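Below: entry-v6.pdb (PDB, C-alpha atoms)
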ATOM      1  CA  MET A   1      -2.029  10.317  29.807
ATOM      2  CA  SER A   2      -2.581   9.054  33.332
ATOM      3  CA  GLU A   3      -5.611   7.154  32.023
ATOM      4  CA  LEU A   4      -3.309   5.341  29.582
ATOM      5  CA  VAL A   5      -1.052   4.225  32.441
ATOM      6  CA  THR A   6      -4.055   3.199  34.528
ATOM      7  CA  LEU A   7      -5.489   1.129  31.693
ATOM      8  CA  ILE A   8      -2.217  -0.748  31.199
ATOM      9  CA  GLN A   9      -1.874  -1.316  34.945
ATOM     10  CA  THR A  10      -5.440  -2.644  35.124
ATOM     11  CA  TYR A  11      -5.773  -4.621  31.905
ATOM     12  CA  GLY A  12      -2.146  -4.911  30.808
ATOM     13  CA  VAL A  13      -1.803  -7.685  28.249
ATOM     14  CA  LEU A  14      -5.412  -7.417  27.041
ATOM     15  CA  ILE A  15      -4.981  -3.714  26.252
ATOM     16  CA  VAL A  16      -1.770  -4.355  24.320
ATOM     17  CA  PHE A  17      -3.356  -7.230  22.408
ATOM     18  CA  GLY A  18      -6.499  -5.263  21.540
ATOM     19  CA  ILE A  19      -4.741  -2.058  20.450
ATOM     20  CA  VAL A  20      -2.167  -3.874  18.300
ATOM     21  CA  LEU A  21      -4.841  -6.065  16.709
ATOM     22  CA  CYS A  22      -7.025  -3.080  15.828
ATOM     23  CA  GLN A  23      -4.117  -1.144  14.351
ATOM     24  CA  GLN A  24      -2.802  -4.065  12.316
ATOM     25  CA  ILE A  25      -6.275  -4.787  10.950
ATOM     26  CA  GLY A  26      -6.276  -1.258   9.596
ATOM     27  CA  LEU A  27      -7.989   0.969  12.154
ATOM     28  CA  PRO A  28      -6.295   4.368  12.692
ATOM     29  CA  LEU A  29      -5.177   3.570  16.253
ATOM     30  CA  PRO A  30      -1.465   4.110  16.975
ATOM     31  CA  SER A  31      -0.194   1.165  18.998
ATOM     32  CA  SER A  32       3.478   2.070  19.371
ATOM     33  CA  PRO A  33       2.868   4.541  22.266
ATOM     34  CA  TRP A  34       1.068   1.796  24.185
ATOM     35  CA  LEU A  35       3.950  -0.613  23.640
ATOM     36  CA  ILE A  36       6.473   2.012  24.725
ATOM     37  CA  VAL A  37       4.509   2.762  27.902
ATOM     38  CA  ALA A  38       4.084  -0.959  28.606
ATOM     39  CA  GLY A  39       7.830  -1.429  28.214
ATOM     40  CA  ALA A  40       8.549   1.481  30.572
ATOM     41  CA  MET A  41       6.094   0.211  33.167
ATOM     42  CA  SER A  42       7.651  -3.258  33.118
ATOM     43  CA  VAL A  43      10.740  -1.809  34.837
ATOM     44  CA  ASN A  44       8.818  -1.312  38.078
ATOM     45  CA  GLY A  45       6.582  -4.344  37.680
ATOM     46  CA  GLY A  46       3.602  -2.372  36.397
ATOM     47  CA  ALA A  47       3.403  -4.616  33.335
ATOM     48  CA  ASN A  48       4.805  -7.995  32.306
ATOM     49  CA  LEU A  49       7.236  -7.370  29.455
ATOM     50  CA  TRP A  50       7.227 -10.916  28.086
ATOM     51  CA  LEU A  51       3.466 -11.323  28.206
ATOM     52  CA  CYS A  52       3.043  -7.980  26.433
ATOM     53  CA  LEU A  53       5.501  -9.131  23.764
ATOM     54  CA  LEU A  54       3.614 -12.394  23.333
ATOM     55  CA  ALA A  55       0.274 -10.576  23.147
ATOM     56  CA  SER A  56       1.559  -8.133  20.539
ATOM     57  CA  VAL A  57       3.109 -10.835  18.321
ATOM     58  CA  THR A  58      -0.089 -12.902  18.582
ATOM     59  CA  ALA A  59      -2.155  -9.888  17.493
ATOM     60  CA  VAL A  60       0.193  -9.352  14.537
ATOM     61  CA  LEU A  61      -0.116 -12.994  13.477
ATOM     62  CA  ILE A  62      -3.919 -12.888  13.659
ATOM     63  CA  SER A  63      -4.250  -9.684  11.631
ATOM     64  CA  ASP A  64      -1.582 -10.694   9.124
ATOM     65  CA  GLY A  65      -3.220 -14.098   8.761
ATOM     66  CA  PHE A  66      -6.559 -12.454   8.030
ATOM     67  CA  TRP A  67      -5.134 -10.244   5.275
ATOM     68  CA  PHE A  68      -2.964 -13.064   3.920
ATOM     69  CA  SER A  69      -6.066 -15.244   3.531
ATOM     70  CA  ALA A  70      -7.921 -12.369   1.870
ATOM     71  CA  GLY A  71      -5.084 -11.932  -0.623
ATOM     72  CA  ARG A  72      -4.890 -15.677  -1.200
ATOM     73  CA  PHE A  73      -8.604 -15.970  -2.057
ATOM     74  CA  TYR A  74      -9.355 -12.572  -3.601
ATOM     75  CA  GLY A  75      -5.955 -11.630  -5.048
ATOM     76  CA  LYS A  76      -5.728  -8.293  -6.774
ATOM     77  CA  ARG A  77      -9.204  -7.190  -5.707
ATOM     78  CA  ILE A  78      -8.297  -6.939  -2.025
ATOM     79  CA  LEU A  79      -5.196  -4.885  -2.883
ATOM     80  CA  ARG A  80      -7.281  -2.413  -4.872
ATOM     81  CA  LEU A  81      -9.741  -2.159  -1.985
ATOM     82  CA  LEU A  82      -6.984  -1.389   0.514
ATOM     83  CA  CYS A  83      -5.402   1.189  -1.770
ATOM     84  CA  LYS A  84      -8.703   2.898  -2.553
ATOM     85  CA  ILE A  85      -9.222   3.690   1.141
ATOM     86  CA  SER A  86      -5.636   4.862   1.666
ATOM     87  CA  LEU A  87      -4.503   8.497   1.593
ATOM     88  CA  SER A  88      -2.512   7.858  -1.602
ATOM     89  CA  PRO A  89      -4.659   5.485  -3.679
ATOM     90  CA  ASP A  90      -3.106   6.508  -6.994
ATOM     91  CA  SER A  91       0.372   5.271  -6.087
ATOM     92  CA  CYS A  92      -0.463   2.665  -3.435
ATOM     93  CA  VAL A  93      -0.589  -0.414  -5.666
ATOM     94  CA  SER A  94       2.463   0.344  -7.776
ATOM     95  CA  ARG A  95       4.530   1.435  -4.751
ATOM     96  CA  THR A  96       3.760  -1.655  -2.697
ATOM     97  CA  GLU A  97       4.230  -3.979  -5.652
ATOM     98  CA  ASP A  98       7.624  -2.439  -6.399
ATOM     99  CA  THR A  99       8.691  -2.775  -2.747
ATOM    100  CA  PHE A 100       7.561  -6.393  -2.623
ATOM    101  CA  LEU A 101       9.295  -7.086  -5.940
ATOM    102  CA  ARG A 102      12.563  -5.593  -4.693
ATOM    103  CA  PHE A 103      12.738  -7.523  -1.419
ATOM    104  CA  GLY A 104      10.336 -10.434  -1.985
ATOM    105  CA  PRO A 105       8.500 -12.150   0.895
ATOM    106  CA  ASN A 106      11.364 -11.212   3.250
ATOM    107  CA  SER A 107       9.973  -7.663   3.193
ATOM    108  CA  LEU A 108       7.361  -8.939   5.672
ATOM    109  CA  VAL A 109      10.049  -8.830   8.365
ATOM    110  CA  VAL A 110      10.339  -5.038   8.160
ATOM    111  CA  ALA A 111       6.891  -4.236   6.719
ATOM    112  CA  LYS A 112       5.560  -3.030  10.093
ATOM    113  CA  PHE A 113       8.069  -0.176  10.084
ATOM    114  CA  ILE A 114       6.982   1.104   6.640
ATOM    115  CA  PRO A 115       3.800   3.252   6.715
ATOM    116  CA  GLY A 116       1.270   2.094   4.138
ATOM    117  CA  PHE A 117       3.186  -1.055   3.275
ATOM    118  CA  SER A 118       2.504  -2.881   6.536
ATOM    119  CA  ILE A 119      -1.160  -3.574   5.816
ATOM    120  CA  VAL A 120      -0.694  -4.297   2.092
ATOM    121  CA  ALA A 121       2.265  -6.696   2.401
ATOM    122  CA  PRO A 122       0.320  -9.668   3.898
ATOM    123  CA  PRO A 123      -2.423  -9.779   1.195
ATOM    124  CA  LEU A 124       0.250  -9.230  -1.446
ATOM    125  CA  ALA A 125       2.115 -12.251  -0.074
ATOM    126  CA  GLY A 126      -1.094 -14.292  -0.278
ATOM    127  CA  ALA A 127      -1.838 -13.119  -3.807
ATOM    128  CA  THR A 128       1.646 -13.995  -5.049
ATOM    129  CA  GLY A 129       1.536 -17.561  -3.740
ATOM    130  CA  VAL A 130       3.819 -17.422  -0.680
ATOM    131  CA  THR A 131       3.371 -20.693   1.215
ATOM    132  CA  ILE A 132       1.581 -20.644   4.575
ATOM    133  CA  PRO A 133       4.552 -21.940   6.669
ATOM    134  CA  HIS A 134       6.886 -19.417   5.022
ATOM    135  CA  PHE A 135       4.425 -16.600   5.622
ATOM    136  CA  VAL A 136       3.811 -17.521   9.269
ATOM    137  CA  ALA A 137       7.555 -17.646   9.961
ATOM    138  CA  LEU A 138       8.189 -14.245   8.332
ATOM    139  CA  SER A 139       5.133 -12.655   9.945
ATOM    140  CA  ALA A 140       6.119 -13.936  13.396
ATOM    141  CA  LEU A 141       9.681 -12.690  12.941
ATOM    142  CA  GLY A 142       8.424  -9.306  11.738
ATOM    143  CA  GLY A 143       5.967  -9.051  14.618
ATOM    144  CA  LEU A 144       8.677  -9.985  17.105
ATOM    145  CA  LEU A 145      11.080  -7.380  15.693
ATOM    146  CA  TRP A 146       8.453  -4.632  15.538
ATOM    147  CA  SER A 147       6.892  -5.307  18.956
ATOM    148  CA  GLY A 148      10.256  -5.896  20.611
ATOM    149  CA  THR A 149      11.622  -2.603  19.283
ATOM    150  CA  TRP A 150       8.906  -0.463  20.875
ATOM    151  CA  LEU A 151       8.831  -2.438  24.130
ATOM    152  CA  THR A 152      12.629  -2.273  24.401
ATOM    153  CA  LEU A 153      12.647   1.480  23.776
ATOM    154  CA  GLY A 154      10.174   1.929  26.609
ATOM    155  CA  PHE A 155      12.184  -0.366  28.871
ATOM    156  CA  LEU A 156      15.524   1.335  28.195
ATOM    157  CA  PHE A 157      14.254   4.902  28.354
ATOM    158  CA  ASN A 158      11.622   4.475  31.050
ATOM    159  CA  ASP A 159      12.712   7.646  32.864
ATOM    160  CA  ARG A 160      12.330   9.722  29.699
ATOM    161  CA  VAL A 161       8.918   8.175  29.049
ATOM    162  CA  ASP A 162       7.794   9.282  32.516
ATOM    163  CA  GLN A 163       8.954  12.814  31.740
ATOM    164  CA  VAL A 164       7.106  12.898  28.426
ATOM    165  CA  LEU A 165       3.928  11.538  30.010
ATOM    166  CA  SER A 166       4.117  14.116  32.783
ATOM    167  CA  PHE A 167       4.625  16.926  30.263
ATOM    168  CA  LEU A 168       1.675  15.789  28.154
ATOM    169  CA  GLN A 169      -0.457  15.448  31.265
ATOM    170  CA  LEU A 170       0.340  19.061  32.221
ATOM    171  CA  MET A 171      -0.569  20.219  28.728
ATOM    172  CA  GLY A 172      -3.905  18.423  28.986
ATOM    173  CA  GLY A 173      -6.244  19.323  26.135
ATOM    174  CA  ARG A 174      -3.555  21.325  24.392
ATOM    175  CA  ALA A 175      -1.637  18.110  23.715
ATOM    176  CA  LEU A 176      -4.655  16.708  21.889
ATOM    177  CA  LEU A 177      -4.957  19.922  19.880
ATOM    178  CA  VAL A 178      -1.288  19.729  18.858
ATOM    179  CA  LEU A 179      -1.620  16.082  17.859
ATOM    180  CA  GLY A 180      -4.865  16.825  16.006
ATOM    181  CA  ALA A 181      -3.259  19.734  14.159
ATOM    182  CA  ALA A 182      -0.313  17.539  13.167
ATOM    183  CA  LEU A 183      -2.647  14.838  11.866
ATOM    184  CA  GLY A 184      -4.735  17.415  10.013
ATOM    185  CA  GLY A 185      -1.594  18.887   8.438
ATOM    186  CA  PHE A 186      -0.497  15.449   7.267
ATOM    187  CA  VAL A 187      -3.895  14.722   5.705
ATOM    188  CA  LEU A 188      -3.878  18.148   4.013
ATOM    189  CA  TYR A 189      -0.382  17.518   2.650
ATOM    190  CA  LYS A 190      -1.469  14.168   1.180
ATOM    191  CA  TYR A 191      -4.555  15.813  -0.326
ATOM    192  CA  VAL A 192      -2.515  18.573  -1.990
ATOM    193  CA  GLN A 193      -0.010  15.976  -3.201
ATOM    194  CA  ARG A 194      -2.842  13.914  -4.680
ATOM    195  CA  ARG A 195      -4.338  16.968  -6.433
ATOM    196  CA  ARG A 196      -0.946  17.835  -7.906
ATOM    197  CA  ARG A 197      -0.512  14.275  -9.139
ATOM    198  CA  ALA A 198      -4.000  14.377 -10.633
ATOM    199  CA  ARG A 199      -3.052  17.425 -12.700
ATOM    200  CA  ILE A 200       0.122  15.750 -13.893
ATOM    201  CA  ASN A 201      -1.806  12.637 -14.905
ATOM    202  CA  ALA A 202      -4.651  14.498 -16.617
ATOM    203  CA  VAL A 203      -3.938  12.751 -19.913
ATOM    204  CA  GLU A 204      -6.831  12.089 -22.287
ATOM    205  CA  ARG A 205      -8.024   8.488 -21.951
ATOM    206  CA  ILE A 206      -9.185   6.096 -24.640
ATOM    207  CA  SER A 207     -12.163   3.880 -23.930
ATOM    208  CA  LEU A 208     -12.251   0.161 -24.664
ATOM    209  CA  LYS A 209     -14.925   0.795 -27.289
ATOM    210  CA  GLU A 210     -12.636   3.294 -29.046
ATOM    211  CA  LEU A 211      -9.736   0.851 -28.868
ATOM    212  CA  ASN A 212     -11.837  -1.890 -30.468
ATOM    213  CA  ALA A 213     -12.887   0.572 -33.178
ATOM    214  CA  LEU A 214      -9.225   1.326 -33.955
ATOM    215  CA  ILE A 215      -8.489  -2.391 -34.232
ATOM    216  CA  ALA A 216     -11.541  -2.997 -36.424
ATOM    217  CA  ALA A 217     -10.521  -0.124 -38.712
ATOM    218  CA  GLY A 218      -7.088  -1.685 -39.243
ATOM    219  CA  HIS A 219      -5.064   0.991 -37.427
ATOM    220  CA  ASP A 220      -3.129  -1.717 -35.546
ATOM    221  CA  PRO A 221      -2.576   0.218 -32.301
ATOM    222  CA  VAL A 222       0.418  -0.650 -30.153
ATOM    223  CA  ILE A 223      -0.761  -1.865 -26.749
ATOM    224  CA  VAL A 224       1.723  -1.310 -23.919
ATOM    225  CA  ASP A 225       1.624  -3.068 -20.541
ATOM    226  CA  ALA A 226       2.754  -0.589 -17.863
ATOM    227  CA  ARG A 227       2.278  -2.923 -14.880
ATOM    228  CA  SER A 228       5.029  -4.022 -12.530
ATOM    229  CA  LEU A 229       6.581  -7.487 -12.700
ATOM    230  CA  THR A 230       4.674  -8.506  -9.559
ATOM    231  CA  ALA A 231       1.340  -7.429 -11.054
ATOM    232  CA  ARG A 232       2.081  -9.273 -14.296
ATOM    233  CA  GLY A 233       2.827 -12.416 -12.301
ATOM    234  CA  MET A 234      -0.546 -12.257 -10.553
ATOM    235  CA  GLU A 235      -2.716 -11.586 -13.591
ATOM    236  CA  ASP A 236      -2.419 -12.093 -17.354
ATOM    237  CA  GLY A 237      -2.411  -8.927 -19.436
ATOM    238  CA  ILE A 238      -3.830  -8.042 -22.838
ATOM    239  CA  PRO A 239      -2.582 -10.560 -25.423
ATOM    240  CA  GLY A 240       0.147  -9.196 -27.678
ATOM    241  CA  ALA A 241       0.953  -6.211 -25.470
ATOM    242  CA  LEU A 242       4.506  -4.886 -25.283
ATOM    243  CA  VAL A 243       5.935  -4.691 -21.755
ATOM    244  CA  TYR A 244       7.046  -1.182 -20.874
ATOM    245  CA  GLY A 245      10.457  -1.114 -19.245
ATOM    246  CA  GLU A 246      11.372  -4.709 -20.095
ATOM    247  CA  CYS A 247      14.045  -3.636 -22.563
ATOM    248  CA  GLY A 248      14.287  -0.003 -21.486
ATOM    249  CA  PRO A 249      11.772   2.742 -22.405
ATOM    250  CA  ASP A 250      14.134   4.493 -24.824
ATOM    251  CA  ARG A 251      14.848   1.291 -26.732
ATOM    252  CA  LEU A 252      11.158   0.493 -26.918
ATOM    253  CA  MET A 253      10.267   3.944 -28.233
ATOM    254  CA  ALA A 254      13.058   3.777 -30.803
ATOM    255  CA  THR A 255      11.400   0.764 -32.432
ATOM    256  CA  LEU A 256       7.962   2.391 -32.789
ATOM    257  CA  ASP A 257       6.466   4.740 -35.376
ATOM    258  CA  LYS A 258       5.507   8.024 -33.739
ATOM    259  CA  ASP A 259       2.367   8.259 -35.879
ATOM    260  CA  ARG A 260       0.931   4.972 -34.583
ATOM    261  CA  HIS A 261      -1.723   4.811 -31.910
ATOM    262  CA  ILE A 262      -0.175   3.905 -28.544
ATOM    263  CA  VAL A 263      -2.555   2.520 -25.900
ATOM    264  CA  VAL A 264      -1.107   2.026 -22.414
ATOM    265  CA  PHE A 265      -2.831   0.009 -19.690
ATOM    266  CA  CYS A 266      -2.206  -0.828 -16.036
ATOM    267  CA  SER A 267      -4.188  -2.308 -13.140
ATOM    268  CA  CYS A 268      -4.000   0.505 -10.589
ATOM    269  CA  PRO A 269      -6.621   3.002  -9.372
ATOM    270  CA  ASN A 270      -7.359   5.895 -11.733
ATOM    271  CA  ASP A 271      -5.056   4.395 -14.431
ATOM    272  CA  VAL A 272      -2.275   6.410 -12.823
ATOM    273  CA  THR A 273       0.687   4.319 -14.016
ATOM    274  CA  ALA A 274      -0.716   4.097 -17.543
ATOM    275  CA  ALA A 275      -1.261   7.862 -17.566
ATOM    276  CA  GLN A 276       2.329   8.497 -16.475
ATOM    277  CA  VAL A 277       3.713   6.176 -19.153
ATOM    278  CA  ALA A 278       1.432   7.679 -21.798
ATOM    279  CA  HIS A 279       2.681  11.124 -20.751
ATOM    280  CA  GLN A 280       6.254   9.950 -21.336
ATOM    281  CA  PHE A 281       5.300   8.768 -24.821
ATOM    282  CA  LEU A 282       3.668  12.139 -25.514
ATOM    283  CA  THR A 283       6.770  14.048 -24.427
ATOM    284  CA  HIS A 284       8.800  11.918 -26.853
ATOM    285  CA  GLY A 285       6.624  12.867 -29.805
ATOM    286  CA  PHE A 286       4.069  10.038 -29.819
ATOM    287  CA  HIS A 287       1.092  12.377 -30.222
ATOM    288  CA  ARG A 288      -1.433   9.501 -30.342
ATOM    289  CA  ALA A 289      -0.466   7.916 -27.017
ATOM    290  CA  LYS A 290      -3.332   7.451 -24.538
ATOM    291  CA  PRO A 291      -3.952   5.421 -21.373
ATOM    292  CA  LEU A 292      -6.764   2.865 -21.503
ATOM    293  CA  HIS A 293      -9.695   4.012 -19.380
ATOM    294  CA  GLY A 294     -10.381   1.360 -16.740
ATOM    295  CA  GLY A 295      -7.163  -0.481 -17.575
ATOM    296  CA  LEU A 296      -6.962  -4.235 -17.391
ATOM    297  CA  ASP A 297     -10.185  -4.410 -15.363
ATOM    298  CA  ALA A 298     -12.140  -2.949 -18.282
ATOM    299  CA  TRP A 299     -10.518  -5.408 -20.683
ATOM    300  CA  ASN A 300     -11.261  -8.413 -18.473
ATOM    301  CA  ALA A 301     -14.828  -7.255 -17.841
ATOM    302  CA  ALA A 302     -15.424  -6.977 -21.588
ATOM    303  CA  ALA A 303     -13.951 -10.445 -22.138
ATOM    304  CA  ALA A 304     -16.265 -11.863 -19.484
ATOM    305  CA  ASN A 305     -19.352 -10.095 -20.867
ATOM    306  CA  PRO A 306     -18.810  -9.165 -24.530
ATOM    307  CA  VAL A 307     -22.489  -8.350 -25.157
ATOM    308  CA  LYS A 308     -22.568  -5.760 -22.409
ATOM    309  CA  ALA A 309     -19.202  -4.353 -23.542
ATOM    310  CA  GLN A 310     -20.457  -3.817 -27.102
ATOM    311  CA  ALA A 311     -23.529  -2.011 -25.810
ATOM    312  CA  ALA A 312     -21.437   0.314 -23.682
TER
END
Would you mind writing the file's structure down as structure tokens?
Amino acid sequence: MSELVTLIQTYGVLIVFGIVLCQQIGLPLPSSPWLIVAGAMSVNGGANLWLCLLASVTAVLISDGFWFSAGRFYGKRILRLLCKISLSPDSCVSRTEDTFLRFGPNSLVVAKFIPGFSIVAPPLAGATGVTIPHFVALSALGGLLWSGTWLTLGFLFNDRVDQVLSFLQLMGGRALLVLGAALGGFVLYKYVQRRRRARINAVERISLKELNALIAAGHDPVIVDARSLTARGMEDGIPGALVYGECGPDRLMATLDKDRHIVVFCSCPNDVTAAQVAHQFLTHGFHRAKPLHGGLDAWNAAAANPVKAQAA
């Protein structure tokens, strides 16, 4: 811990800028402890509070601008990439889309305080067409609120910070073991949670080839769009699909024949939303309900290359 204090005393603003930038880009480096220590050290002149605040907000704007541009140019693809490397890829897309839908672009102001959402919110803003001036203003405000909170906590409770640092320094390597064990426990919890969700969503899929065969045979399957409103706004779905949840699931099911083929699609990793919706249909007696394997990506890929799709 004394090395942390020494680094801030020696490099100050550069350390704060570098750590915050790395964390906001997506590297697993916690920056809040550095901001708290910088805030505590500013009481005795060991760090410049205002320069640290400026450095942190600048780092936030740079990282947010990078991801915003990625979302603006690559849209849904960059969101899938971010969610695939997260600890909860199956629910990442739908969860972030729902959060963004509920609060809109203003969610950028508090995004830094929400684990998992902070790195996905900027590309989601770019993908949904938020204007650059609007984004910059919200990102700067969010960065100011987030950075200022940690720096202020360190400033106000500087004596407590000194006590914590001294305690951790006395613990030495044991502190690292405790922190490592806590991190390992969190990762294990997310892994078990993911395995449990995988069992719940182990619903038999239908391939695009099988779906086309049903259509060709005149079975007239009902295609259901299980995506969120935000996802539907970013990308067109399968033509003629019914939107799940638009008029209420119970009302939708009441209008359908339980002997018809129900094919549900989404645009999230592992077809998780489609599998959950298909499971709801199955529990309501629709014994031919299945999620579409590959979801909307498979449909769009077949539309772009029909020869390859027929051979598959």
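Distances to Ala274 (chain A) were evaluated for A:Met234, A:Leu229, A:Arg205, A:His219 using all atoms listed in the file, and the minimum falls at A:Arg205.
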For this session: For the structure shown, which residues end up in the PyMOL selection byres ((chain A and resi 39-46) around 9)? Put them as a PyMOL selection string, please?
Result: chain A and resi 5+8-9+12+34-38+47-49+52+150-159+161-162
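Between Ala70 (chain A) and the residues A:Pro269, A:Gly248, A:Pro239, A:Pro122, the shortest atom-to-atom distance, using all atoms listed in the file, involves A:Pro122.
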For this session: Can you work out the spacing between CA of Ala59 (chain A) and CA of Cys22 (chain A) in Å, to one decimal?
Result: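 Spanning CA of Ala59 (chain A) to CA of Cys22 (chain A) is a straight-line distance of 8.5 Å.
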Exercise. Which residues match the PyMOL selection byres ((chain A and resi 64) around 10) in the file above, as number ranges by chain?
Worked result: A: 21, 24-25, 58-63, 65-70, 108, 118-123, 135-136, 139-140, 143
Exercise. Can you tell me how far CA of Thr128 (chain A) sits from CA of Gly245 (chain A), in Å to one decimal?
Worked result: 21.1 Å
